[in-house]
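Engineer: For reference, the file query33.txt (compact mmCIF, C-alpha atoms and all ligand atoms) is included below:
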# COMPACT_ATOMS: atom_id res chain seq x y z
CA MET Q 1 -2.11 5.00 19.95
CA THR Q 2 -1.30 6.40 16.52
CA LEU Q 3 1.56 5.23 14.32
CA PHE Q 4 0.70 7.22 11.22
CA SER Q 5 -1.43 10.27 10.56
CA THR Q 6 -2.30 12.81 7.93
CA ARG Q 7 -3.68 16.13 9.12
CA GLY Q 8 -5.64 18.47 6.87
CA LEU Q 9 -4.00 17.17 3.72
CA VAL Q 10 -4.83 19.21 0.60
CA LYS Q 11 -4.07 18.75 -3.11
CA GLN Q 12 -5.34 21.15 -5.71
CA PHE Q 13 -5.30 20.44 -9.48
CA GLY Q 14 -6.25 23.81 -10.97
CA SER Q 15 -9.75 24.47 -9.70
CA LEU Q 16 -10.26 20.85 -8.57
CA ARG Q 17 -9.53 20.02 -4.93
CA ALA Q 18 -8.64 16.33 -5.35
CA THR Q 19 -7.67 16.01 -1.67
CA ASP Q 20 -9.75 18.18 0.61
CA ASP Q 21 -8.65 18.47 4.23
CA VAL Q 22 -7.98 14.75 4.69
CA SER Q 23 -7.09 13.59 8.19
CA ILE Q 24 -6.66 9.86 8.73
CA GLU Q 25 -4.91 7.80 11.37
CA VAL Q 26 -3.42 4.30 11.41
CA ALA Q 27 -2.64 2.56 14.70
CA PRO Q 28 0.20 0.03 15.09
CA ASN Q 29 -0.77 -3.34 13.49
CA GLU Q 30 -4.01 -1.85 12.24
CA VAL Q 31 -5.39 -2.48 8.75
CA HIS Q 32 -7.02 0.79 7.73
CA ALA Q 33 -8.82 0.59 4.39
CA LEU Q 34 -9.54 3.51 2.15
CA ILE Q 35 -12.49 3.10 -0.20
CA GLY Q 36 -14.46 5.38 -2.48
CA PRO Q 37 -15.97 5.67 -5.95
CA ASN Q 38 -13.83 6.23 -9.05
CA GLY Q 39 -12.31 9.69 -9.05
CA ALA Q 40 -12.79 10.14 -5.28
CA GLY Q 41 -9.12 10.94 -4.85
CA LYS Q 42 -7.67 7.65 -3.55
CA SER Q 43 -4.70 7.56 -5.93
CA THR Q 44 -3.98 11.22 -5.30
CA LEU Q 45 -3.94 10.57 -1.55
CA VAL Q 46 -1.61 7.58 -1.99
CA ASN Q 47 0.69 9.74 -4.10
CA LEU Q 48 0.70 12.49 -1.47
CA ILE Q 49 1.48 9.99 1.29
CA SER Q 50 4.28 8.26 -0.63
CA GLY Q 51 5.72 11.60 -1.78
CA MET Q 52 5.14 11.14 -5.51
CA LEU Q 53 3.08 14.35 -5.41
CA PRO Q 54 3.78 17.40 -3.21
CA ALA Q 55 0.91 18.41 -0.90
CA ASP Q 56 -0.50 21.94 -1.04
CA GLY Q 57 -1.33 21.87 2.65
CA GLY Q 58 -1.42 19.67 5.73
CA SER Q 59 1.04 17.26 7.27
CA ILE Q 60 2.05 13.59 7.22
CA VAL Q 61 3.65 12.00 10.29
CA LEU Q 62 4.96 8.45 10.76
CA ASP Q 63 6.11 7.28 14.17
CA GLY Q 64 6.79 10.83 15.33
CA VAL Q 65 8.73 11.79 12.16
CA ASP Q 66 7.30 14.52 9.95
CA LEU Q 67 7.39 13.17 6.38
CA THR Q 68 5.71 16.20 4.78
CA GLY Q 69 8.04 17.54 2.10
CA MET Q 70 10.42 14.55 2.24
CA PRO Q 71 11.26 12.92 -1.12
CA PRO Q 72 9.87 9.39 -1.64
CA HIS Q 73 13.14 7.51 -0.95
CA LYS Q 74 13.53 9.22 2.43
CA ARG Q 75 9.97 8.28 3.35
CA VAL Q 76 10.84 4.67 2.54
CA ARG Q 77 13.88 4.94 4.81
CA ALA Q 78 11.62 6.40 7.53
CA GLY Q 79 9.45 3.25 7.35
CA LEU Q 80 6.82 3.86 4.70
CA SER Q 81 6.80 1.32 1.84
CA ARG Q 82 4.42 1.23 -1.05
CA CYS Q 83 3.26 -1.48 -3.41
CA PHE Q 84 2.31 -0.35 -6.85
CA GLN Q 85 -0.96 -0.86 -8.68
CA VAL Q 86 1.08 -1.43 -11.80
CA THR Q 87 3.70 -3.85 -10.69
CA ASN Q 88 7.23 -2.72 -10.16
CA LEU Q 89 9.11 -5.90 -11.04
CA PHE Q 90 12.05 -6.66 -13.31
CA LYS Q 91 9.97 -9.05 -15.38
CA LYS Q 92 12.90 -10.73 -17.14
CA ALA Q 93 14.83 -11.41 -13.93
CA THR Q 94 14.23 -14.28 -11.52
CA VAL Q 95 12.25 -13.96 -8.32
CA LEU Q 96 15.51 -14.28 -6.37
CA SER Q 97 17.29 -11.57 -8.40
CA ASN Q 98 14.35 -9.19 -7.98
CA LEU Q 99 14.46 -9.69 -4.23
CA MET Q 100 18.26 -9.45 -3.99
CA LEU Q 101 18.18 -6.14 -5.83
CA ALA Q 102 15.46 -4.83 -3.53
CA VAL Q 103 17.35 -5.89 -0.39
CA GLN Q 104 20.55 -4.40 -1.73
CA SER Q 105 18.90 -1.09 -2.57
CA HIS Q 106 17.71 -0.72 1.03
CA ARG Q 107 21.00 -1.55 2.65
CA GLY Q 108 22.23 2.04 2.80
CA SER Q 109 25.58 2.42 4.51
CA SER Q 110 25.91 -1.30 5.22
CA PHE Q 111 26.07 -1.86 1.47
CA LEU Q 112 28.51 -4.55 0.33
CA PRO Q 113 29.32 -5.06 -3.34
CA LEU Q 114 27.72 -8.16 -4.86
CA GLY Q 115 31.14 -9.67 -5.61
CA ARG Q 116 31.98 -9.95 -1.90
CA ARG Q 117 31.08 -13.44 -0.71
CA ASP Q 118 30.00 -12.53 2.82
CA GLY Q 119 27.79 -9.73 1.48
CA GLU Q 120 26.27 -11.92 -1.17
CA ALA Q 121 25.46 -14.77 1.22
CA GLU Q 122 23.63 -12.38 3.52
CA LEU Q 123 21.81 -10.85 0.58
CA ILE Q 124 20.65 -14.26 -0.65
CA GLU Q 125 19.57 -15.25 2.85
CA ARG Q 126 17.40 -12.15 3.21
CA ALA Q 127 15.98 -12.50 -0.30
CA VAL Q 128 15.07 -16.15 0.32
CA ALA Q 129 13.44 -15.22 3.63
CA LEU Q 130 11.35 -12.54 1.91
CA ALA Q 131 10.22 -14.99 -0.78
CA GLY Q 132 9.18 -17.44 1.94
CA ARG Q 133 7.30 -14.74 3.78
CA VAL Q 134 5.02 -14.05 0.81
CA GLY Q 135 4.62 -17.72 -0.15
CA LEU Q 136 7.08 -17.75 -3.06
CA GLY Q 137 9.76 -19.87 -1.40
CA SER Q 138 9.54 -22.54 -4.10
CA GLU Q 139 9.62 -20.06 -7.00
CA LEU Q 140 13.06 -18.53 -6.48
CA ASP Q 141 14.40 -19.46 -9.93
CA ARG Q 142 11.23 -18.57 -11.84
CA ILE Q 143 11.39 -15.58 -14.20
CA ALA Q 144 9.20 -12.96 -12.53
CA GLY Q 145 7.27 -12.18 -15.72
CA SER Q 146 6.30 -15.85 -16.12
CA LEU Q 147 4.55 -16.04 -12.73
CA PRO Q 148 0.75 -15.88 -12.65
CA HIS Q 149 -0.63 -12.40 -11.94
CA GLY Q 150 -1.41 -13.14 -8.28
CA ALA Q 151 2.12 -14.40 -7.62
CA GLN Q 152 3.56 -11.29 -9.29
CA ARG Q 153 1.58 -9.18 -6.84
CA GLN Q 154 2.91 -11.31 -3.97
CA LEU Q 155 6.44 -10.63 -5.24
CA ASP Q 156 5.60 -6.93 -5.45
CA VAL Q 157 4.65 -7.06 -1.76
CA ALA Q 158 7.94 -8.81 -0.95
CA LEU Q 159 9.86 -6.01 -2.71
CA ALA Q 160 8.11 -3.49 -0.47
CA LEU Q 161 8.92 -5.62 2.59
CA ALA Q 162 12.62 -5.44 1.76
CA ALA Q 163 12.60 -1.92 3.23
CA ASN Q 164 11.35 -3.19 6.64
CA PRO Q 165 8.32 -0.91 6.67
CA LYS Q 166 6.45 0.29 9.75
CA LEU Q 167 3.54 1.20 7.47
CA LEU Q 168 2.82 -0.70 4.26
CA LEU Q 169 0.76 1.13 1.65
CA LEU Q 170 -1.10 -1.38 -0.54
CA ASP Q 171 -2.64 0.15 -3.64
CA GLU Q 172 -5.36 -2.19 -4.95
CA PRO Q 173 -3.47 -5.43 -4.23
CA MET Q 174 -6.42 -7.57 -5.39
CA ALA Q 175 -6.89 -5.78 -8.73
CA GLY Q 176 -7.22 -8.25 -11.60
CA MET Q 177 -7.17 -11.30 -9.32
CA GLY Q 178 -9.43 -14.31 -9.37
CA PRO Q 179 -11.08 -15.56 -6.15
CA ASP Q 180 -8.24 -17.97 -5.23
CA GLU Q 181 -5.55 -15.35 -5.75
CA SER Q 182 -7.55 -12.79 -3.74
CA ALA Q 183 -7.97 -15.28 -0.91
CA ARG Q 184 -4.19 -15.86 -0.86
CA MET Q 185 -3.56 -12.10 -0.75
CA VAL Q 186 -6.04 -11.72 2.13
CA GLU Q 187 -4.14 -14.44 4.01
CA LEU Q 188 -0.83 -12.73 3.30
CA ILE Q 189 -2.12 -9.37 4.57
CA GLN Q 190 -3.37 -11.09 7.75
CA LEU Q 191 0.14 -12.44 8.32
CA LEU Q 192 1.87 -9.15 7.59
CA ARG Q 193 -0.27 -7.11 9.95
CA ARG Q 194 1.33 -8.94 12.89
CA ASP Q 195 4.49 -6.99 12.14
CA MET Q 196 3.34 -3.71 10.63
CA ALA Q 197 0.43 -1.36 10.06
CA ILE Q 198 -1.28 -1.42 6.67
CA LEU Q 199 -3.08 1.27 4.71
CA LEU Q 200 -5.14 -0.60 2.12
CA ILE Q 201 -6.73 0.96 -0.95
CA GLU Q 202 -9.04 -1.65 -2.42
CA HIS Q 203 -12.22 -1.99 -4.49
CA ASP Q 204 -12.86 -5.61 -3.47
CA MET Q 205 -15.36 -4.97 -0.69
CA ASP Q 206 -15.37 -8.59 0.55
CA ALA Q 207 -11.64 -8.33 1.14
CA VAL Q 208 -11.98 -4.89 2.74
CA PHE Q 209 -14.70 -6.06 5.14
CA ARG Q 210 -12.67 -9.16 6.02
CA LEU Q 211 -9.41 -7.33 6.63
CA ALA Q 212 -10.02 -3.81 7.83
CA ASP Q 213 -10.20 -2.74 11.47
CA ARG Q 214 -11.18 0.68 10.26
CA ILE Q 215 -12.52 1.92 6.93
CA SER Q 216 -12.47 5.49 5.67
CA VAL Q 217 -14.69 6.46 2.78
CA LEU Q 218 -13.40 9.12 0.44
CA VAL Q 219 -15.84 11.07 -1.74
CA TYR Q 220 -14.92 14.13 -3.81
CA GLY Q 221 -11.56 14.28 -2.03
CA LYS Q 222 -13.10 14.38 1.46
CA VAL Q 223 -13.43 11.75 4.17
CA LEU Q 224 -17.19 11.15 4.28
CA ALA Q 225 -17.09 8.56 7.05
CA SER Q 226 -14.65 6.54 9.09
CA GLY Q 227 -15.43 3.52 11.25
CA ASN Q 228 -15.43 -0.26 11.51
CA ALA Q 229 -17.07 -2.51 8.92
CA GLU Q 230 -20.47 -2.54 10.65
CA GLN Q 231 -20.53 1.24 11.04
CA ILE Q 232 -19.57 1.75 7.39
CA LYS Q 233 -22.05 -0.82 6.06
CA SER Q 234 -24.90 0.85 7.90
CA HIS Q 235 -23.88 4.46 7.24
CA PRO Q 236 -26.75 5.98 5.21
CA GLU Q 237 -24.62 8.45 3.20
CA VAL Q 238 -22.02 5.78 2.40
CA GLN Q 239 -24.78 3.48 1.19
CA ALA Q 240 -26.18 6.24 -0.99
CA VAL Q 241 -22.94 7.35 -2.63
CA TYR Q 242 -20.91 4.18 -2.76
CA LEU Q 243 -22.07 0.86 -1.42
CA GLY Q 244 -25.68 1.08 -2.59
CA SER Q 245 -27.46 -2.22 -2.92
CA GLU Q 246 -24.17 -4.20 -2.85
CA VAL Q 247 -24.30 -4.34 0.94
CA GLU Q 248 -28.04 -4.62 1.38
CA ALA Q 249 -28.16 -7.68 -0.88
N1 LIG K 301 -2.45 15.06 -12.37
C1 LIG K 301 -3.73 15.45 -12.35
N2 LIG K 301 -4.11 16.60 -12.91
C2 LIG K 301 -5.41 17.00 -12.88
N3 LIG K 301 -6.41 16.30 -12.29
C3 LIG K 301 -6.08 15.14 -11.73
C4 LIG K 301 -4.74 14.63 -11.71
N4 LIG K 301 -4.73 13.45 -11.06
C5 LIG K 301 -6.01 13.21 -10.69
N5 LIG K 301 -6.82 14.22 -11.08
C6 LIG K 301 -8.26 14.33 -10.81
O1 LIG K 301 -8.41 14.26 -9.40
C7 LIG K 301 -9.60 13.52 -9.06
C8 LIG K 301 -9.20 12.34 -8.17
O2 LIG K 301 -8.51 11.38 -8.97
P1 LIG K 301 -7.85 10.05 -8.35
O3 LIG K 301 -7.17 9.35 -9.50
O4 LIG K 301 -7.04 10.40 -7.17
O5 LIG K 301 -9.15 9.24 -7.91
P2 LIG K 301 -9.29 7.70 -7.49
O6 LIG K 301 -10.20 7.68 -6.32
O7 LIG K 301 -7.94 7.12 -7.33
O8 LIG K 301 -9.99 7.06 -8.74
P3 LIG K 301 -9.90 5.52 -9.28
O9 LIG K 301 -10.62 4.68 -8.29
O10 LIG K 301 -10.62 5.62 -10.60
O11 LIG K 301 -8.44 5.18 -9.43
C9 LIG K 301 -10.24 13.09 -10.37
O12 LIG K 301 -11.26 14.03 -10.67
C10 LIG K 301 -9.09 13.18 -11.37
O13 LIG K 301 -9.57 13.48 -12.66
Please express what this file holds, its structure, as structure tokens.

Structural biologist:
Amino acid sequence: MTLFSTRGLVKQFGSLRATDDVSIEVAPNEVHALIGPNGAGKSTLVNLISGMLPADGGSIVLDGVDLTGMPPHKRVRAGLSRCFQVTNLFKKATVLSNLMLAVQSHRGSSFLPLGRRDGEAELIERAVALAGRVGLGSELDRIAGSLPHGAQRQLDVALALAANPKLLLLDEPMAGMGPDESARMVELIQLLRRDMAILLIEHDMDAVFRLADRISVLVYGKVLASGNAEQIKSHPEVQAVYLGSEVEA
């Protein structure tokens, strides 16, 4: 069963085809990782999927809804949330305020002004639940910018969860993290996958091999190989262009 798919996705920058006929699928509750060397086209693909860049060809479908050509905010409403490589937080606001703003921005027609008590209580309740979900339940009053890097990334994930995604797009969630922070993020992703599918772009190969049901390798904008961890580790072309001795060691 497929929840999300791209079919023949293309992005051209002048004479460079940064995304070249990319077709990938994500099943419900699957963690599908996208790896590849620098410049392979991972960020471009993420931008095409989230709608930050228009595609020059191909299609993007989530849960039967064609997202191709939709602006980013409509894709979010359709169930596709993205975490950002560069974090998206209001650094001077508290964890709770960041989360309340995120919940409020996704309320749509059920929006209630913050001054209304019933609306505010519900908003706080949801924000507190989101903080708990990512392990920040005891940090509600902390200023977001004063949290350690790993906790800021956890908060970033919680902001994306405020939209109730069917597919969560995680763009290098372990970037800049130490081993303990990475381990916490791996645990968080394991928890989240019970409720949603995850498309994970990540350079940390230990984390990728631990988390991913399926791995697609992007090289020069094309999918070179797609398979489970064992298939990817033993794929001769993948070894040659990307993994090299890292996996053999
Ligand atoms: N806006 C743009 N205009 C022109 N070329 C671009 C643009 N964005 C990306 N490229 C080129 O497209 C190719 C793919 O870049 P992209 O950033 O998607 O790769 P990546 O796999 O995300 O790399 P990294 O791992 O270093 O982030 C590169 O050759 C890059 O120089």

Engineer: Please compute the CA of Tyr242 in chain Q-CA of Ile189 in chain Q distance, one decimal, in Å.

Structural biologist: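 Atom-to-atom, CA of Tyr242 in chain Q to CA of Ile189 in chain Q, that is 24.3 Å.
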
Engineer: Taking all atoms listed in the file into account, which residues have an atom no farther than 6 Å from ligand LIG 301 (chain K)? I'd like them as a PyMOL selection string.

Structural biologist: chain Q and resi 13+18+37-44

Engineer: Pick from Q:Asn29, Q:Gln104, Q:Thr68, Q:Ser138: nearest to Pro54 in chain Q, with all atoms listed in the file counted?

Structural biologist: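 Smallest separation from Pro54 in chain Q among the options: Q:Thr68.
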
Engineer: Excluding Lys91 in chain Q and any residue of its chain fewer than 3 positions from it, enumerate the residues within 9 Å of it, using only C-alpha atoms, and give them as a PyMOL selection string.

Structural biologist: chain Q and resi 88+94-95+98+143-146

Engineer: Keeping C-alpha atoms for every residue in the selection just given, could you write it to a file as a tab-separated table (two decimals), in the frame of the given file?

Structural biologist:
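Writing done, so here's result-v3.tsv:
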chain	number	residue	atom	x	y	z
Q	88	ASN	CA	7.23	-2.72	-10.16
Q	94	THR	CA	14.23	-14.28	-11.52
Q	95	VAL	CA	12.25	-13.96	-8.32
Q	98	ASN	CA	14.35	-9.19	-7.98
Q	143	ILE	CA	11.39	-15.58	-14.20
Q	144	ALA	CA	9.20	-12.96	-12.53
Q	145	GLY	CA	7.27	-12.18	-15.72
Q	146	SER	CA	6.30	-15.85	-16.12

Engineer: Considering all atoms listed in the file, tabulate each residue of range 33-98 of chain Q that lies at most 6 Å from range 213-219 of chain Q along with its nearest interatomic pair and the corresponding distance in Å to one decimal; arrange the rows by chain and ascending residue number and present them as JSON lines.

Structural biologist:
{"residue": "Q:Ala33", "atom": "CA", "partner": "Q:Ile215", "partner_atom": "CA", "distance": 4.7}
{"residue": "Q:Leu34", "atom": "CA", "partner": "Q:Ser216", "partner_atom": "CA", "distance": 5.0}
{"residue": "Q:Ile35", "atom": "CA", "partner": "Q:Val217", "partner_atom": "CA", "distance": 5.0}
{"residue": "Q:Gly36", "atom": "CA", "partner": "Q:Leu218", "partner_atom": "CA", "distance": 4.9}
{"residue": "Q:Ala40", "atom": "CA", "partner": "Q:Val219", "partner_atom": "CA", "distance": 4.8}

Engineer: Grab the CA of Gly64 in chain Q to CA of Pro165 in chain Q distance for me, in Å with one decimal place.

Structural biologist: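 Computing the Euclidean distance for CA of Gly64 in chain Q and CA of Pro165 in chain Q yields 14.7 Å.
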
Engineer: With distances taken over all atoms listed in the file, which of Q:Gly227, Q:Pro173, Q:Pro28, Q:Pro236 is nearest to Phe84 in chain Q?

Structural biologist: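 For Phe84 in chain Q, the nearest of the candidates is Q:Pro173.
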
Engineer: Ranking Q:Ile60, Q:Val134, Q:Ala55, Q:Leu211 by minimum distance to Leu80 in chain Q and counting only C-alpha atoms, which one comes first?

Structural biologist: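 Among the listed residues, Q:Ile60 lies closest to Leu80 in chain Q.
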
Engineer: Hey, can you check how far CA of Leu48 in chain Q sits from CA of Lys11 in chain Q?

Structural biologist: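 Taking CA of Leu48 in chain Q and CA of Lys11 in chain Q, their separation equals 8.0 Å.
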
Engineer: Would you mind listing what lies within 10 Å of Met100 in chain Q as a ChimeraX atom specification, with only C-alpha atoms counted and same-chain residues fewer than 3 positions away left out?

Structural biologist: /Q:94-97,103-105,114,120,122-128,130,159,162

Engineer: Store the residues picked out above in a file with C-alpha atoms, as a short mmCIF file (atom, residue, chain, number, x, y, z; two decimals), in the frame of the given file.

Structural biologist:
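The result, stored in selection_37.cif:
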data_model
loop_
_atom_site.label_atom_id
_atom_site.label_comp_id
_atom_site.auth_asym_id
_atom_site.auth_seq_id
_atom_site.Cartn_x
_atom_site.Cartn_y
_atom_site.Cartn_z
CA THR Q 94 14.23 -14.28 -11.52
CA VAL Q 95 12.25 -13.96 -8.32
CA LEU Q 96 15.51 -14.28 -6.37
CA SER Q 97 17.29 -11.57 -8.40
CA VAL Q 103 17.35 -5.89 -0.39
CA GLN Q 104 20.55 -4.40 -1.73
CA SER Q 105 18.90 -1.09 -2.57
CA LEU Q 114 27.72 -8.16 -4.86
CA GLU Q 120 26.27 -11.92 -1.17
CA GLU Q 122 23.63 -12.38 3.52
CA LEU Q 123 21.81 -10.85 0.58
CA ILE Q 124 20.65 -14.26 -0.65
CA GLU Q 125 19.57 -15.25 2.85
CA ARG Q 126 17.40 -12.15 3.21
CA ALA Q 127 15.98 -12.50 -0.30
CA VAL Q 128 15.07 -16.15 0.32
CA LEU Q 130 11.35 -12.54 1.91
CA LEU Q 159 9.86 -6.01 -2.71
CA ALA Q 162 12.62 -5.44 1.76
#

Engineer: Please list as a list of chain:residue names every residue within 9 Å of Leu62 in chain Q, counting all atoms listed in the file and excluding residues in the same chain fewer than 6 positions away.

Structural biologist: Q:Thr2, Q:Leu3, Q:Phe4, Q:Ser5, Q:Thr6, Q:Arg75, Q:Ala78, Q:Gly79, Q:Leu80, Q:Lys166, Q:Leu167

Engineer: Check the smallest atom-to-atom distance from each of Q:Val157, Q:Val223, Q:Val22, Q:Val31 to Ile201 in chain Q using all atoms listed in the file, then report the winner.

Structural biologist: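 Of Q:Val157, Q:Val223, Q:Val22, Q:Val31, the one nearest Ile201 in chain Q, counting all atoms listed in the file, is Q:Val31.
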
Engineer: Just checking: using all atoms listed in the file, which residue out of Q:Ala131, Q:Leu89, Q:Ala151, Q:Val65 ends up closest to Gly178 in chain Q?

Structural biologist: Q:Ala151

Engineer: Just want the 10 Å neighbourhood of Cys83 in chain Q, counted on only C-alpha atoms, with same-chain residues fewer than 5 positions away dropped. Output as a list of chain:residue names.

Structural biologist: Q:Asn88, Q:Arg153, Q:Gln154, Q:Leu155, Q:Asp156, Q:Val157, Q:Ala158, Q:Leu159, Q:Ala160, Q:Leu161, Q:Leu168, Q:Leu169, Q:Leu170, Q:Asp171, Q:Glu172, Q:Pro173

Engineer: Can you put N, CA and C atoms back into range 189-216 of chain Q and show it as a PDB file, keeping the file's coordinate frame?

Structural biologist:
ATOM      1  N   ILE Q 189      -1.957 -10.637   3.842  1.00  0.00           N
ATOM      2  CA  ILE Q 189      -2.120  -9.370   4.570  1.00  0.00           C
ATOM      3  C   ILE Q 189      -2.369  -9.649   6.062  1.00  0.00           C
ATOM      4  N   GLN Q 190      -3.133 -10.704   6.342  1.00  0.00           N
ATOM      5  CA  GLN Q 190      -3.370 -11.090   7.750  1.00  0.00           C
ATOM      6  C   GLN Q 190      -2.070 -11.429   8.464  1.00  0.00           C
ATOM      7  N   LEU Q 191      -1.165 -12.090   7.732  1.00  0.00           N
ATOM      8  CA  LEU Q 191       0.140 -12.440   8.320  1.00  0.00           C
ATOM      9  C   LEU Q 191       0.986 -11.192   8.547  1.00  0.00           C
ATOM     10  N   LEU Q 192       0.998 -10.320   7.535  1.00  0.00           N
ATOM     11  CA  LEU Q 192       1.870  -9.150   7.590  1.00  0.00           C
ATOM     12  C   LEU Q 192       1.488  -8.185   8.701  1.00  0.00           C
ATOM     13  N   ARG Q 193       0.196  -8.094   8.974  1.00  0.00           N
ATOM     14  CA  ARG Q 193      -0.270  -7.110   9.950  1.00  0.00           C
ATOM     15  C   ARG Q 193       0.239  -7.432  11.363  1.00  0.00           C
ATOM     16  N   ARG Q 194       0.732  -8.636  11.577  1.00  0.00           N
ATOM     17  CA  ARG Q 194       1.330  -8.940  12.890  1.00  0.00           C
ATOM     18  C   ARG Q 194       2.566  -8.085  13.126  1.00  0.00           C
ATOM     19  N   ASP Q 195       3.208  -7.685  12.016  1.00  0.00           N
ATOM     20  CA  ASP Q 195       4.490  -6.990  12.140  1.00  0.00           C
ATOM     21  C   ASP Q 195       4.463  -5.533  11.713  1.00  0.00           C
ATOM     22  N   MET Q 196       3.361  -5.081  11.143  1.00  0.00           N
ATOM     23  CA  MET Q 196       3.340  -3.710  10.630  1.00  0.00           C
ATOM     24  C   MET Q 196       1.892  -3.225  10.510  1.00  0.00           C
ATOM     25  N   ALA Q 197       1.759  -1.915  10.341  1.00  0.00           N
ATOM     26  CA  ALA Q 197       0.430  -1.360  10.060  1.00  0.00           C
ATOM     27  C   ALA Q 197       0.248  -1.320   8.541  1.00  0.00           C
ATOM     28  N   ILE Q 198      -1.009  -1.373   8.111  1.00  0.00           N
ATOM     29  CA  ILE Q 198      -1.280  -1.420   6.670  1.00  0.00           C
ATOM     30  C   ILE Q 198      -2.367  -0.417   6.294  1.00  0.00           C
ATOM     31  N   LEU Q 199      -2.065   0.392   5.286  1.00  0.00           N
ATOM     32  CA  LEU Q 199      -3.080   1.270   4.710  1.00  0.00           C
ATOM     33  C   LEU Q 199      -3.449   0.649   3.364  1.00  0.00           C
ATOM     34  N   LEU Q 200      -4.698   0.221   3.251  1.00  0.00           N
ATOM     35  CA  LEU Q 200      -5.140  -0.600   2.120  1.00  0.00           C
ATOM     36  C   LEU Q 200      -6.135   0.174   1.263  1.00  0.00           C
ATOM     37  N   ILE Q 201      -5.790   0.366  -0.004  1.00  0.00           N
ATOM     38  CA  ILE Q 201      -6.730   0.960  -0.950  1.00  0.00           C
ATOM     39  C   ILE Q 201      -7.233  -0.188  -1.792  1.00  0.00           C
ATOM     40  N   GLU Q 202      -8.548  -0.432  -1.761  1.00  0.00           N
ATOM     41  CA  GLU Q 202      -9.040  -1.650  -2.420  1.00  0.00           C
ATOM     42  C   GLU Q 202     -10.510  -1.493  -2.811  1.00  0.00           C
ATOM     43  N   HIS Q 203     -10.823  -2.004  -4.017  1.00  0.00           N
ATOM     44  CA  HIS Q 203     -12.220  -1.990  -4.490  1.00  0.00           C
ATOM     45  C   HIS Q 203     -12.972  -3.251  -4.100  1.00  0.00           C
ATOM     46  N   ASP Q 204     -12.220  -4.330  -3.808  1.00  0.00           N
ATOM     47  CA  ASP Q 204     -12.860  -5.610  -3.470  1.00  0.00           C
ATOM     48  C   ASP Q 204     -13.429  -5.511  -2.056  1.00  0.00           C
ATOM     49  N   MET Q 205     -14.749  -5.267  -1.989  1.00  0.00           N
ATOM     50  CA  MET Q 205     -15.360  -4.970  -0.690  1.00  0.00           C
ATOM     51  C   MET Q 205     -15.376  -6.183   0.249  1.00  0.00           C
ATOM     52  N   ASP Q 206     -15.449  -7.397  -0.322  1.00  0.00           N
ATOM     53  CA  ASP Q 206     -15.370  -8.590   0.550  1.00  0.00           C
ATOM     54  C   ASP Q 206     -14.044  -8.599   1.274  1.00  0.00           C
ATOM     55  N   ALA Q 207     -12.976  -8.340   0.532  1.00  0.00           N
ATOM     56  CA  ALA Q 207     -11.640  -8.330   1.140  1.00  0.00           C
ATOM     57  C   ALA Q 207     -11.536  -7.207   2.159  1.00  0.00           C
ATOM     58  N   VAL Q 208     -12.053  -6.040   1.817  1.00  0.00           N
ATOM     59  CA  VAL Q 208     -11.980  -4.890   2.740  1.00  0.00           C
ATOM     60  C   VAL Q 208     -12.712  -5.223   4.042  1.00  0.00           C
ATOM     61  N   PHE Q 209     -13.920  -5.770   3.923  1.00  0.00           N
ATOM     62  CA  PHE Q 209     -14.700  -6.060   5.140  1.00  0.00           C
ATOM     63  C   PHE Q 209     -14.049  -7.176   5.958  1.00  0.00           C
ATOM     64  N   ARG Q 210     -13.351  -8.084   5.281  1.00  0.00           N
ATOM     65  CA  ARG Q 210     -12.670  -9.160   6.020  1.00  0.00           C
ATOM     66  C   ARG Q 210     -11.440  -8.643   6.759  1.00  0.00           C
ATOM     67  N   LEU Q 211     -10.734  -7.704   6.115  1.00  0.00           N
ATOM     68  CA  LEU Q 211      -9.410  -7.330   6.630  1.00  0.00           C
ATOM     69  C   LEU Q 211      -9.384  -6.109   7.536  1.00  0.00           C
ATOM     70  N   ALA Q 212     -10.245  -5.137   7.242  1.00  0.00           N
ATOM     71  CA  ALA Q 212     -10.020  -3.810   7.830  1.00  0.00           C
ATOM     72  C   ALA Q 212     -10.550  -3.691   9.257  1.00  0.00           C
ATOM     73  N   ASP Q 213      -9.740  -3.107  10.132  1.00  0.00           N
ATOM     74  CA  ASP Q 213     -10.200  -2.740  11.470  1.00  0.00           C
ATOM     75  C   ASP Q 213     -11.008  -1.450  11.363  1.00  0.00           C
ATOM     76  N   ARG Q 214     -10.538  -0.615  10.433  1.00  0.00           N
ATOM     77  CA  ARG Q 214     -11.180   0.680  10.260  1.00  0.00           C
ATOM     78  C   ARG Q 214     -11.246   0.956   8.759  1.00  0.00           C
ATOM     79  N   ILE Q 215     -12.320   1.594   8.349  1.00  0.00           N
ATOM     80  CA  ILE Q 215     -12.520   1.920   6.930  1.00  0.00           C
ATOM     81  C   ILE Q 215     -12.819   3.410   6.841  1.00  0.00           C
ATOM     82  N   SER Q 216     -12.123   4.096   5.937  1.00  0.00           N
ATOM     83  CA  SER Q 216     -12.470   5.490   5.670  1.00  0.00           C
ATOM     84  C   SER Q 216     -12.985   5.584   4.252  1.00  0.00           C
TER      85      SER Q 216
END
